[in-house]
$ cat work23.tsv   # TSV, C-alpha atoms
chain	number	residue	atom	x	y	z
A	215	MET	CA	15.75	-9.23	6.28
A	216	GLU	CA	12.27	-10.58	5.71
A	217	TYR	CA	11.48	-10.64	2.01
A	218	ARG	CA	8.13	-10.81	0.23
A	219	ASP	CA	7.20	-11.67	-3.33
A	220	PRO	CA	7.01	-8.70	-5.76
A	221	THR	CA	3.23	-8.91	-6.17
A	222	PHE	CA	0.07	-6.87	-6.00
A	223	GLU	CA	-0.64	-8.37	-2.57
A	224	THR	CA	2.73	-7.24	-1.22
A	225	LEU	CA	2.06	-3.67	-2.27
A	226	VAL	CA	-1.43	-3.78	-0.73
A	227	ARG	CA	0.22	-5.01	2.46
A	228	SER	CA	2.59	-2.02	2.35
A	229	ILE	CA	-0.34	0.37	2.04
A	230	VAL	CA	-2.17	-1.26	4.95
A	231	PHE	CA	0.95	-1.01	7.13
A	232	GLN	CA	1.60	2.69	6.36
A	233	GLN	CA	1.59	4.73	9.58
A	234	LEU	CA	0.13	1.94	11.74
A	235	SER	CA	1.59	-0.25	14.42
A	236	GLY	CA	2.45	-3.71	13.15
A	237	THR	CA	-0.12	-5.30	15.45
A	238	VAL	CA	-3.02	-3.16	14.20
A	239	ALA	CA	-1.95	-3.51	10.58
A	240	ARG	CA	-1.76	-7.32	10.86
A	241	VAL	CA	-5.32	-7.44	12.23
A	242	ILE	CA	-6.64	-5.30	9.37
A	243	LEU	CA	-4.73	-7.33	6.78
A	244	SER	CA	-6.11	-10.55	8.27
A	245	ARG	CA	-9.64	-9.15	8.05
A	246	LEU	CA	-9.04	-8.15	4.44
A	247	HIS	CA	-7.85	-11.67	3.60
A	248	GLY	CA	-10.93	-13.10	5.28
A	249	ALA	CA	-13.28	-10.88	3.31
A	250	LEU	CA	-11.97	-12.04	-0.07
A	251	PRO	CA	-12.69	-15.21	-2.05
A	252	GLU	CA	-10.12	-17.88	-1.20
A	253	GLU	CA	-8.53	-15.22	1.05
A	254	ARG	CA	-6.49	-14.02	-1.96
A	255	ILE	CA	-5.75	-10.34	-2.43
A	256	THR	CA	-6.07	-9.72	-6.17
A	257	PRO	CA	-7.07	-6.62	-8.13
A	258	GLU	CA	-10.31	-8.29	-9.18
A	259	ALA	CA	-11.23	-9.30	-5.63
A	260	ILE	CA	-10.45	-5.82	-4.28
A	261	LEU	CA	-12.62	-4.13	-6.91
A	262	LYS	CA	-15.53	-6.47	-6.14
A	263	LEU	CA	-15.31	-5.61	-2.45
A	264	ARG	CA	-17.59	-2.70	-1.67
A	265	ILE	CA	-16.10	0.44	-0.15
A	266	PRO	CA	-18.25	0.33	3.03
A	267	LYS	CA	-17.11	-3.26	3.61
A	268	MET	CA	-13.44	-2.23	3.24
A	269	ARG	CA	-14.03	0.54	5.77
A	270	LYS	CA	-15.62	-1.94	8.21
A	271	LEU	CA	-12.47	-4.05	7.99
A	272	GLY	CA	-10.58	-1.12	9.54
A	273	LEU	CA	-9.17	0.55	6.45
A	274	SER	CA	-9.29	4.33	6.43
A	275	GLY	CA	-11.03	6.11	3.59
A	276	ALA	CA	-7.67	7.13	2.16
A	277	LYS	CA	-6.19	3.61	2.30
A	278	THR	CA	-9.34	2.18	0.76
A	279	GLU	CA	-8.95	4.67	-2.10
A	280	TYR	CA	-5.23	3.87	-2.48
A	281	ILE	CA	-5.77	0.11	-2.59
A	282	ARG	CA	-8.61	0.46	-5.09
A	283	ASP	CA	-6.50	2.79	-7.27
A	284	LEU	CA	-3.70	0.22	-7.23
A	285	ALA	CA	-6.19	-2.47	-8.23
A	286	ARG	CA	-7.56	-0.36	-11.11
A	287	GLN	CA	-4.09	0.58	-12.36
A	288	THR	CA	-2.95	-3.04	-12.14
A	289	GLN	CA	-6.01	-4.26	-14.05
A	290	ALA	CA	-5.49	-1.54	-16.67
A	291	GLY	CA	-1.87	-2.60	-17.14
A	292	VAL	CA	-0.41	0.67	-15.87
A	293	VAL	CA	1.37	-1.23	-13.08
A	294	ARG	CA	2.79	-4.51	-14.41
A	295	PHE	CA	4.17	-6.52	-11.55
A	296	GLU	CA	5.61	-9.12	-13.91
A	297	GLU	CA	7.87	-6.46	-15.47
A	298	LEU	CA	9.13	-4.88	-12.25
A	299	PRO	CA	11.84	-7.46	-11.42
A	300	GLU	CA	13.74	-6.57	-14.61
A	301	ALA	CA	13.13	-2.82	-14.50
A	302	PRO	CA	15.77	-0.35	-13.25
A	303	ASP	CA	15.13	1.09	-9.77
A	304	GLU	CA	14.14	4.48	-11.19
A	305	ASP	CA	11.53	2.89	-13.47
A	306	VAL	CA	10.06	0.87	-10.60
A	307	ILE	CA	9.77	4.02	-8.49
A	308	ALA	CA	8.17	5.91	-11.39
A	309	ALA	CA	5.66	3.11	-12.05
A	310	LEU	CA	4.62	2.66	-8.44
A	311	THR	CA	4.39	6.34	-7.54
A	312	ARG	CA	1.75	6.82	-10.26
A	313	VAL	CA	-0.63	5.12	-7.82
A	314	LYS	CA	-2.38	7.29	-5.23
A	315	GLY	CA	-0.92	6.70	-1.78
A	316	ILE	CA	2.35	5.21	-2.98
A	317	GLY	CA	5.25	7.55	-2.56
A	318	VAL	CA	8.96	7.18	-3.03
A	319	TRP	CA	9.42	5.63	0.43
A	320	THR	CA	6.88	2.85	-0.25
A	321	ALA	CA	8.44	2.23	-3.67
A	322	GLN	CA	11.89	2.02	-2.07
A	323	MET	CA	10.63	-0.49	0.52
A	324	PHE	CA	9.23	-2.54	-2.38
A	325	LEU	CA	12.64	-2.37	-4.06
A	326	ILE	CA	14.39	-3.57	-0.90
A	327	PHE	CA	11.96	-6.14	0.51
A	328	ALA	CA	10.19	-7.48	-2.59
A	329	LEU	CA	12.62	-6.99	-5.46
A	330	ARG	CA	15.65	-7.53	-3.20
A	331	ARG	CA	17.62	-4.70	-4.72
A	332	PRO	CA	20.98	-4.42	-2.96
A	333	ASP	CA	21.71	-0.69	-3.30
A	334	VAL	CA	18.69	1.31	-2.15
A	335	LEU	CA	19.22	4.16	0.31
A	336	PRO	CA	15.84	5.35	1.62
A	337	VAL	CA	16.83	8.94	2.41
A	338	GLY	CA	13.28	9.79	3.45
A	339	ASP	CA	13.06	7.05	6.07
A	340	LEU	CA	12.95	8.51	9.56
A	341	GLY	CA	14.50	5.40	11.13
A	342	VAL	CA	17.48	5.44	8.78
A	343	ARG	CA	17.90	9.17	9.36
A	344	LYS	CA	17.79	8.75	13.17
A	345	ALA	CA	20.22	5.82	13.07
A	346	ILE	CA	22.68	7.79	10.94
A	347	GLN	CA	22.35	10.72	13.31
A	348	GLN	CA	23.22	8.44	16.24
A	349	ALA	CA	25.97	6.51	14.47
A	350	TYR	CA	27.74	9.68	13.32
A	351	SER	CA	26.94	11.79	16.44
A	352	LEU	CA	25.21	14.43	14.34
A	353	GLU	CA	23.41	17.29	16.09
A	354	GLU	CA	20.49	17.18	13.64
A	355	LEU	CA	18.81	14.59	11.48
A	356	PRO	CA	20.82	14.34	8.26
A	357	LYS	CA	19.34	15.68	5.06
A	358	PRO	CA	19.32	13.51	1.91
A	359	GLY	CA	22.52	15.04	0.51
A	360	LYS	CA	24.44	14.35	3.72
A	361	MET	CA	23.07	10.80	3.81
A	362	GLU	CA	24.21	10.19	0.24
A	363	GLU	CA	27.64	11.53	1.12
A	364	LEU	CA	27.95	9.27	4.18
A	365	ALA	CA	26.70	6.28	2.20
A	366	VAL	CA	29.39	6.38	-0.49
A	367	PRO	CA	31.46	3.65	1.23
A	368	TRP	CA	28.35	1.47	1.65
A	369	ARG	CA	27.79	1.21	-2.11
A	370	PRO	CA	26.69	-1.10	-3.67
A	371	TYR	CA	25.10	-2.43	-0.47
A	372	CYS	CA	22.99	0.44	0.85
A	373	SER	CA	19.98	-1.86	1.37
A	374	ALA	CA	21.95	-4.00	3.83
A	375	ALA	CA	23.39	-0.90	5.49
A	376	SER	CA	19.85	0.47	5.87
A	377	TRP	CA	18.73	-2.78	7.48
A	378	TYR	CA	21.60	-2.59	9.98
A	379	LEU	CA	20.77	1.04	10.67
A	380	TRP	CA	17.13	0.14	11.41
A	381	ARG	CA	18.25	-2.69	13.69
A	382	SER	CA	20.65	-0.35	15.51
A	383	LEU	CA	17.60	1.49	16.83
A	384	ASP	CA	16.34	-1.68	18.53
A	385	GLY	CA	18.88	-1.23	21.32
A	386	ILE	CA	22.15	-2.82	22.20
A	387	ALA	CA	22.35	-6.47	21.20
A	388	GLU	CA	23.37	-8.91	23.88
A	389	ILE	CA	25.76	-11.73	23.11
$ encode --input "work23.tsv" --output "structure tokens"
Amino acid sequence: MEYRDPTFETLVRSIVFQQLSGTVARVILSRLHGALPEERITPEAILKLRIPKMRKLGLSGAKTEYIRDLARQTQAGVVRFEELPEAPDEDVIAALTRVKGIGVWTAQMFLIFALRRPDVLPVGDLGVRKAIQQAYSLEELPKPGKMEELAVPWRPYCSAASWYLWRSLDGIAEI
């Protein structure tokens, strides 16, 4: 798994990558870095960047609004990144989903890839759902309850299981 630091910048990165190909998202993120002082993504730098400039970088109107809301809430102390590593998963999800554009899925990805939590099962993730469907020869995509039931033996390592499920969709590995 590729981990990131549990920071404001990591969450901005997650917003930029939402519903985009990795290639396109990396270009936009690179442009965003280049438009900021010292190429650092901070709440202060984001709020100084004008909205039309953010749009010219390739950010949609919605993503621009989400990133700016995250910056405002971080500056106001509503989201406290320094407290998240010690907070229970449910509290992290509650804190992050207060921000426009950050849903449970994004919060769960932050738990897995930034906070390195070992037992997160992203039941809303289409890739995990498809992989479970394939692995268990299910006729339909599993619903959250079914996923939780199947994941009982994976506990307390659902994050690792999810990673393997995502990788299983990459095709058959050659040895």
$ residues_around --input "work23.tsv" --residues "Ala285 (chain A)" --least-positions-apart "4" --cutoff "12 Å" --atoms "all atoms listed in the file" --output "PyMOL selection string"
chain A and resi 221-223+225-226+255-263+278-281+289-295+310+313-314
$ residues_around --input "work23.tsv" --residues "Phe231 (chain A)" --least-positions-apart "3" --cutoff "12 Å" --atoms "all atoms listed in the file" --output "list in words"
Thr224, Leu225, Val226, Arg227, Ser228, Leu234, Ser235, Gly236, Thr237, Val238, Ala239, Arg240, Val241, Ile242, Leu243, Ser244, Gly272, Leu273, Ser274, Lys277, Ile281, Gly315, Ile316, Thr320 and Met323 of chain A
$ closest_residue --input "work23.tsv" --among "A:Cys372, A:Ile229, A:Leu383, A:Leu250" --to "Ile326 (chain A)" --atoms "all atoms listed in the file"
A:Cys372
$ atom_distance --input "work23.tsv" --atom1 "CA of Ala349 (chain A)" --atom2 "CA of Gln232 (chain A)"
26.0 Å
$ atom_distance --input "work23.tsv" --atom1 "CA of Val318 (chain A)" --atom2 "CA of Glu300 (chain A)"
18.6 Å
$ closest_residue --input "work23.tsv" --among "A:Glu354, A:Val306, A:Arg254, A:Glu216" --to "Trp377 (chain A)" --atoms "only C-alpha atoms"
A:Glu216
$ axis_aligned_box --input "work23.tsv" --around "region 221-230 of chain A" --padding-each-side "4 Å" --output "JSON"
{"center_x": 0.5, "center_y": -4.3, "center_z": -0.6, "size_x": 13.4, "size_y": 17.3, "size_z": 19.1}
$ atom_distance --input "work23.tsv" --atom1 "CA of Pro251 (chain A)" --atom2 "CA of Lys267 (chain A)"
13.9 Å
$ closest_residue --input "work23.tsv" --among "A:Ala328, A:Met361, A:Leu379, A:Val366" --to "Gly341 (chain A)" --atoms "only C-alpha atoms"
A:Leu379
$ closest_residue --input "work23.tsv" --among "A:Gln233, A:Gln287, A:Thr311, A:Ser373" --to "Val342 (chain A)" --atoms "all atoms listed in the file"
A:Ser373
$ closest_residue --input "work23.tsv" --among "A:Phe324, A:Tyr378, A:Tyr371, A:Trp319" --to "Leu340 (chain A)" --atoms "all atoms listed in the file"
A:Trp319
